[in-house]
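Novice: Pasting work_2.cif below, which is mmCIF, C-alpha atoms.
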```cif
data_structure
loop_
_atom_site.label_atom_id
_atom_site.label_comp_id
_atom_site.auth_asym_id
_atom_site.auth_seq_id
_atom_site.Cartn_x
_atom_site.Cartn_y
_atom_site.Cartn_z
CA MET C 129 83.73 -12.32 122.65
CA GLN C 130 85.82 -12.32 119.46
CA TYR C 131 84.92 -14.82 116.75
CA LYS C 132 87.35 -16.62 114.43
CA ASN C 133 86.02 -14.80 111.39
CA THR C 134 86.09 -11.33 112.97
CA VAL C 135 87.03 -8.36 110.79
CA ASP C 136 88.08 -4.94 112.12
CA PHE C 137 88.11 -1.80 110.01
CA GLU C 138 87.95 1.96 110.25
CA VAL C 139 85.48 4.02 108.23
CA THR C 140 85.80 7.78 107.79
CA GLY C 141 83.88 10.50 105.99
CA ASP C 142 83.30 14.22 105.96
CA TYR C 143 79.57 13.74 106.56
CA ALA C 144 77.14 11.02 107.64
CA LEU C 145 73.36 10.77 107.80
CA PHE C 146 72.04 7.87 109.88
CA SER C 147 68.48 9.13 109.69
CA ASP C 148 65.71 8.40 112.14
CA PRO C 149 62.71 7.19 110.04
CA ILE C 150 60.38 9.27 112.24
CA THR C 151 61.99 12.51 111.02
CA ARG C 152 61.41 11.65 107.34
CA VAL C 153 57.63 12.13 107.39
CA GLY C 154 57.86 15.83 106.56
CA GLY C 155 60.58 15.35 103.94
CA GLU C 156 63.39 16.47 106.25
CA LYS C 157 66.08 14.23 107.70
CA LEU C 158 67.85 14.31 111.05
CA SER C 159 70.79 12.04 111.77
CA TYR C 160 71.12 9.88 114.84
CA GLN C 161 74.16 10.72 116.96
CA ILE C 162 75.73 7.31 116.32
CA PRO C 163 75.70 4.88 113.37
CA THR C 164 72.81 2.44 113.17
CA TYR C 165 73.40 -1.29 113.00
CA GLU C 166 71.80 -1.41 109.54
CA ALA C 167 74.06 1.34 108.18
CA LEU C 168 77.20 -0.47 109.35
CA LYS C 169 75.89 -3.73 107.92
CA GLY C 170 75.36 -1.93 104.62
CA ILE C 171 78.98 -0.77 104.68
CA LEU C 172 80.14 -4.35 105.21
CA GLN C 173 77.94 -5.55 102.37
CA SER C 174 79.61 -2.95 100.14
CA ILE C 175 82.98 -4.30 101.24
CA TYR C 176 82.04 -7.95 100.65
CA TRP C 177 78.61 -9.51 100.16
CA LYS C 178 77.49 -13.04 99.43
CA PRO C 179 74.00 -14.49 100.01
CA THR C 180 75.71 -17.43 101.75
CA ILE C 181 76.65 -15.27 104.75
CA ILE C 182 75.03 -12.73 107.05
CA TRP C 183 77.17 -10.02 108.61
CA VAL C 184 76.67 -9.44 112.35
CA ILE C 185 77.93 -6.13 113.74
CA ASP C 186 79.48 -6.64 117.17
CA LYS C 187 80.41 -3.07 118.10
CA VAL C 188 81.43 0.35 116.87
CA ARG C 189 83.83 2.80 118.49
CA VAL C 190 83.19 6.53 118.04
CA MET C 191 86.58 8.17 117.57
CA ASN C 192 85.73 11.82 116.85
CA PRO C 193 83.42 14.20 118.75
CA ILE C 194 79.76 14.04 117.71
CA GLN C 195 79.06 17.21 115.73
CA THR C 196 76.17 18.16 113.47
CA GLU C 197 75.70 20.51 110.54
CA THR C 198 72.38 21.51 108.97
CA LYS C 199 72.16 22.12 105.22
CA GLY C 200 69.40 23.45 103.02
CA ILE C 201 68.58 20.83 100.37
CA ARG C 202 66.40 21.08 97.26
CA PRO C 203 65.05 17.56 96.67
CA ILE C 204 62.63 16.76 93.83
CA LYS C 205 58.98 16.68 94.89
CA TYR C 206 57.22 13.33 94.83
CA PHE C 207 54.05 14.49 93.08
CA LYS C 208 55.41 16.80 90.34
CA ASP C 209 58.57 17.70 88.46
CA ALA C 210 59.73 20.52 90.71
CA ASN C 211 62.07 21.14 93.59
CA ASP C 212 61.16 21.36 97.25
CA LEU C 213 63.11 22.89 100.13
CA SER C 214 64.17 20.76 103.09
CA TYR C 215 66.73 20.88 105.86
CA TYR C 216 68.97 17.85 106.43
CA THR C 217 71.02 17.60 109.63
CA TYR C 218 74.25 15.66 109.07
CA LEU C 219 77.00 14.40 111.34
CA LYS C 220 80.34 15.84 110.28
CA ASP C 221 84.00 14.81 110.50
CA CYS C 222 83.10 11.18 111.15
CA ARG C 223 85.48 8.41 112.13
CA TYR C 224 84.49 4.99 113.46
CA GLN C 225 86.17 1.70 114.27
CA VAL C 226 83.97 -1.31 113.55
CA ARG C 227 84.19 -4.97 114.60
CA ALA C 228 81.97 -7.61 112.94
CA HIS C 229 81.78 -11.29 112.05
CA PHE C 230 79.65 -13.40 109.76
CA ILE C 231 77.34 -16.37 110.23
CA TRP C 232 75.83 -18.74 107.68
CA ASN C 233 72.50 -17.83 106.15
CA GLU C 234 70.41 -20.87 107.07
CA ASN C 235 67.63 -19.68 104.74
CA ARG C 236 69.85 -20.43 101.75
CA ALA C 237 69.94 -24.21 101.69
CA GLU C 238 70.63 -24.09 97.94
CA LEU C 239 73.99 -22.41 98.71
CA LYS C 240 75.10 -24.91 101.35
CA MET C 241 78.05 -26.04 99.22
CA ASP C 242 79.45 -22.50 99.41
CA ARG C 243 79.84 -22.57 103.21
CA ASN C 244 83.62 -22.38 103.30
CA GLU C 245 84.54 -20.16 106.24
CA GLY C 246 88.21 -19.79 105.35
CA LYS C 247 87.43 -18.69 101.81
CA HIS C 248 84.90 -16.02 102.78
CA PHE C 249 87.04 -14.76 105.66
CA SER C 250 90.12 -14.40 103.45
CA ILE C 251 88.20 -12.56 100.75
CA ALA C 252 86.57 -10.24 103.31
CA LYS C 253 89.96 -9.28 104.79
CA ARG C 254 91.38 -8.59 101.32
CA MET C 255 88.41 -6.43 100.43
CA VAL C 256 88.84 -4.40 103.64
CA GLU C 257 92.48 -3.80 102.68
CA ARG C 258 91.41 -2.63 99.23
CA GLY C 259 88.71 -0.29 100.51
CA GLY C 260 85.72 -2.45 99.55
CA ARG C 261 84.28 -3.84 96.35
CA ARG C 262 81.69 -1.08 95.96
CA ASP C 263 81.42 2.55 97.00
CA ILE C 264 81.07 3.13 100.73
CA PHE C 265 78.37 5.44 102.08
CA LEU C 266 77.78 6.66 105.62
CA GLY C 267 74.02 6.24 105.79
CA THR C 268 73.07 7.88 102.50
CA ARG C 269 74.35 8.28 98.94
CA GLU C 270 75.70 11.82 99.27
CA CYS C 271 77.88 10.89 102.28
CA GLN C 272 80.92 9.17 100.75
CA GLY C 273 82.98 7.03 103.13
CA TYR C 274 86.39 5.38 103.07
CA VAL C 275 87.43 2.08 104.63
CA ALA C 276 90.83 0.93 105.88
CA PRO C 277 92.04 -1.93 108.13
CA CYS C 278 92.58 -1.19 111.81
CA ALA C 279 93.01 -2.90 115.17
CA PHE C 280 89.80 -2.26 117.12
CA GLY C 281 90.55 -0.28 120.29
CA GLU C 282 93.84 1.19 119.14
CA GLY C 283 94.37 4.93 119.21
CA GLU C 284 92.76 7.65 121.29
CA GLY C 285 89.03 8.25 121.03
CA PHE C 286 87.17 11.39 122.08
CA TYR C 287 84.81 9.52 124.45
CA ASP C 288 87.31 7.13 126.06
CA GLU C 289 86.91 8.72 129.51
CA ILE C 290 83.11 9.04 129.49
CA GLU C 291 81.60 6.09 131.32
CA GLU C 292 78.21 5.98 129.63
CA LEU C 293 75.95 7.88 127.25
CA ASN C 294 72.40 6.64 126.70
CA PHE C 295 70.60 7.25 123.41
CA GLY C 296 67.24 5.69 124.32
CA MET C 297 65.08 3.64 121.96
CA MET C 298 66.70 3.53 118.55
CA TYR C 299 66.14 1.99 115.14
CA HIS C 300 68.35 -1.11 114.84
CA GLY C 301 67.62 -2.41 111.35
CA ILE C 302 65.39 -4.44 109.06
CA THR C 303 65.03 -8.23 108.98
CA TYR C 304 64.17 -9.47 105.50
CA ALA C 305 62.55 -12.85 104.92
CA ASP C 306 65.73 -14.28 103.39
CA GLU C 307 67.67 -13.51 106.60
CA ALA C 308 64.98 -14.67 109.05
CA TYR C 309 65.74 -16.55 112.28
CA PRO C 310 62.43 -18.23 113.20
CA ALA C 311 64.10 -20.44 115.83
CA GLN C 312 64.78 -17.29 117.91
CA VAL C 313 61.97 -14.97 116.72
CA GLU C 314 59.02 -16.77 115.16
CA GLU C 315 57.45 -13.74 113.45
CA THR C 316 60.51 -13.16 111.22
CA GLU C 317 59.63 -16.17 109.06
CA GLY C 318 57.93 -15.04 105.85
CA ASN C 319 57.78 -11.42 106.99
CA LEU C 320 59.56 -8.11 106.66
CA CYS C 321 60.28 -6.89 110.20
CA VAL C 322 61.74 -3.72 111.69
CA ARG C 323 63.94 -3.94 114.80
CA LEU C 324 64.33 -1.53 117.72
CA TRP C 325 66.71 -1.53 120.69
CA GLN C 326 67.91 0.51 123.67
CA ALA C 327 71.22 2.09 122.56
CA SER C 328 74.03 3.19 124.87
CA MET C 329 77.74 3.95 124.58
CA ALA C 330 80.34 3.01 127.20
CA ARG C 331 83.73 4.74 126.93
CA GLY C 332 83.16 5.44 123.27
CA VAL C 333 82.07 1.89 122.35
CA VAL C 334 78.55 0.93 121.29
CA SER C 335 78.02 -2.83 121.73
CA PHE C 336 75.12 -3.91 119.55
CA CYS C 337 72.71 -6.60 120.64
CA PRO C 338 72.34 -9.28 117.93
CA PRO C 339 69.27 -8.92 115.70
CA TRP C 340 67.41 -11.83 117.31
CA GLU C 341 67.52 -10.10 120.72
CA CYS C 342 65.88 -6.86 119.51
CA ILE C 343 62.27 -5.73 119.69
CA HIS C 344 60.54 -6.82 116.46
CA ARG C 345 57.59 -5.28 114.62
CA VAL C 346 56.13 -6.97 111.53
CA VAL C 347 55.75 -4.60 108.56
CA ARG C 348 54.31 -6.94 105.91
CA LYS C 349 54.47 -10.41 104.39
CA MET C 350 57.52 -11.19 102.28
CA GLU C 351 58.62 -14.16 100.19
CA VAL C 352 62.17 -15.48 99.88
CA LYS C 353 63.56 -15.32 96.34
CA PRO C 354 65.62 -18.47 95.74
CA PHE C 355 68.96 -18.49 93.95
CA GLY C 356 69.90 -20.99 91.24
CA ARG C 357 69.57 -21.64 87.54
CA GLU C 358 66.32 -23.57 87.96
CA HIS C 359 64.70 -20.66 89.85
CA ASN C 360 65.60 -17.81 87.48
CA ASN C 361 64.46 -16.92 84.00
CA PHE C 362 67.47 -17.12 81.69
CA THR C 363 65.34 -17.54 78.54
CA GLY C 364 67.10 -16.15 75.50
CA LEU C 365 70.41 -15.32 77.21
CA GLU C 366 72.35 -18.24 75.73
CA GLU C 367 71.02 -17.39 72.27
CA ARG C 368 72.46 -13.90 72.73
CA GLY C 369 75.89 -15.30 73.60
CA VAL C 370 75.69 -14.85 77.38
CA VAL C 371 77.72 -17.56 79.13
CA LEU C 372 75.95 -18.92 82.24
#
```
If you took the structure in this file and wrote it as structure tokens, what would it be?
Specialist:
Amino acid sequence: MQYKNTVDFEVTGDYALFSDPITRVGGEKLSYQIPTYEALKGILQSIYWKPTIIWVIDKVRVMNPIQTETKGIRPIKYFKDANDLSYYTYLKDCRYQVRAHFIWNENRAELKMDRNEGKHFSIAKRMVERGGRRDIFLGTRECQGYVAPCAFGEGEGFYDEIEELNFGMMYHGITYADEAYPAQVEETEGNLCVRLWQASMARGVVSFCPPWECIHRVVRKMEVKPFGREHNNFTGLEERGVVL
């Protein structure tokens, strides 16, 4: 199904690191073979973000062969001012086609007047054409990415003739309290939740299940920070010449 406010774009990069949280315990990182939902959502938020909307990733198409490269990294130790030695396994020569749409954030009643679909859709398309408002990263800061418009499904992909690849249980993303959907999943209200799902790829295309259809695990309680002049501390700004 294609929605009225659907955006298609292509993202490329020399390297990507969509890390499995389980592999981070020892300080080393290992990338998933395909992008995570949360990483693609982060790319879209770098292209265009407003608290009025929530981006929903529909699917991603893997265009290049899945290849990995391991590098020796010297990160700073947590407990003292010194370097450690770790190995990070990156994906390399990455190219993906992405299709997504946005929905209204029902948790932001104070921004109801900003729910103008045509406005947000037009701005999002312009930002895709311009490569995004902020820097694009493929999973982590050191993996710079680049965005350009595309027609999803066009061109030849490496996995077009492979019927199915299954990746098993995979990290999907995080549901914050300000993007909760208690009508579908009750435990998301007032909580920080992590989502899991069974990932598979059919002829190069990974079709994501929507967040409310994933397996949810509550991490901790979380409050929603409201937007608006009456909810934020602007004391002293006007005296310093800041126009609000």
Novice: Could I get the residues of range 260-317 of chain C with an atom no further than 10 Å from an atom of range 174-192 of chain C, each paired with its nearest atom pair and that distance in Å to one decimal, using all atoms listed in the file, sorted by chain and residue number, as CSV?
Specialist:
```
residue,atom,partner,partner_atom,distance
C:Gly260,CA,C:Ile175,CA,3.7
C:Arg261,CA,C:Ile175,CA,5.1
C:Arg262,CA,C:Ser174,CA,5.0
C:Asp263,CA,C:Ser174,CA,6.6
C:Ile264,CA,C:Ser174,CA,6.3
C:Phe265,CA,C:Ser174,CA,8.7
C:Val275,CA,C:Ile175,CA,8.5
C:Phe280,CA,C:Arg189,CA,7.9
C:Gly281,CA,C:Arg189,CA,7.6
C:Gly283,CA,C:Met191,CA,8.6
C:Glu284,CA,C:Met191,CA,7.2
C:Gly285,CA,C:Met191,CA,4.2
C:Phe286,CA,C:Asn192,CA,5.4
C:Tyr287,CA,C:Met191,CA,7.2
C:Asp288,CA,C:Met191,CA,8.6
C:Asp306,CA,C:Pro179,CA,8.9
C:Glu307,CA,C:Ile182,CA,7.4
```
Novice: In Å, rounded to a single decimal, give me how far CA of Leu158 in chain C is from CA of Met350 in chain C.
Specialist: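 That distance, rounded to one decimal, is 28.9 Å.
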Novice: Enumerate, as number ranges by chain, the residues matched when the PyMOL selection byres ((chain C and resi 165-167) around 8) is run on the file above.
Specialist: C: 146, 163-164, 168-171, 185, 266-267, 300-302, 336
Novice: CA of Asp212 in chain C and CA of Gly155 in chain C are how many Å apart?
Specialist: 9.0 Å
Novice: With distances taken over all atoms listed in the file, which residue among C:Val226, C:Leu145, C:Ile204, C:Cys342 lies nearest Met297 in chain C?
Specialist: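 Closest candidate: C:Cys342.
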Novice: Which residues match the PyMOL selection byres ((chain C and resi 349) around 6) in the file above, as a PyMOL selection string?
Specialist: chain C and resi 318-319+348+350
Novice: Closest to Ile231 in chain C among C:Ala252, C:Glu245, C:Tyr218, C:Glu291, using only C-alpha atoms?
Specialist: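 Among the listed residues, the smallest separation from Ile231 in chain C belongs to C:Glu245.
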Novice: Which residue, C:Asp209, C:Ala279, C:Glu317, C:Met298, has the smallest gap to Asp148 in chain C when you use only C-alpha atoms?
Specialist: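 Using only C-alpha atoms, the shortest distance to Asp148 in chain C belongs to C:Met298.
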Novice: Extract, using all atoms listed in the file, all DNA, RNA and protein residues at most 7 Å from Ser147 in chain C, discarding same-chain residues fewer than 3 positions from it, and format them as a list in words.
Specialist: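 The residues satisfying every condition are Lys157, Leu158, Ser159 and Tyr160 of chain C.
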Novice: What does the distance between CA of Arg258 in chain C and CA of Tyr131 in chain C come to in Å, to one decimal place?
Specialist: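 These atoms are spaced 22.3 Å apart.
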Novice: Selection in question (the file shown): the PyMOL selection byres ((chain C and resi 133) around 10). Which residues does it include, as a ChimeraX atom specification?
Specialist: /C:130-132,134-135,228-231,245-246,248-250,252-253
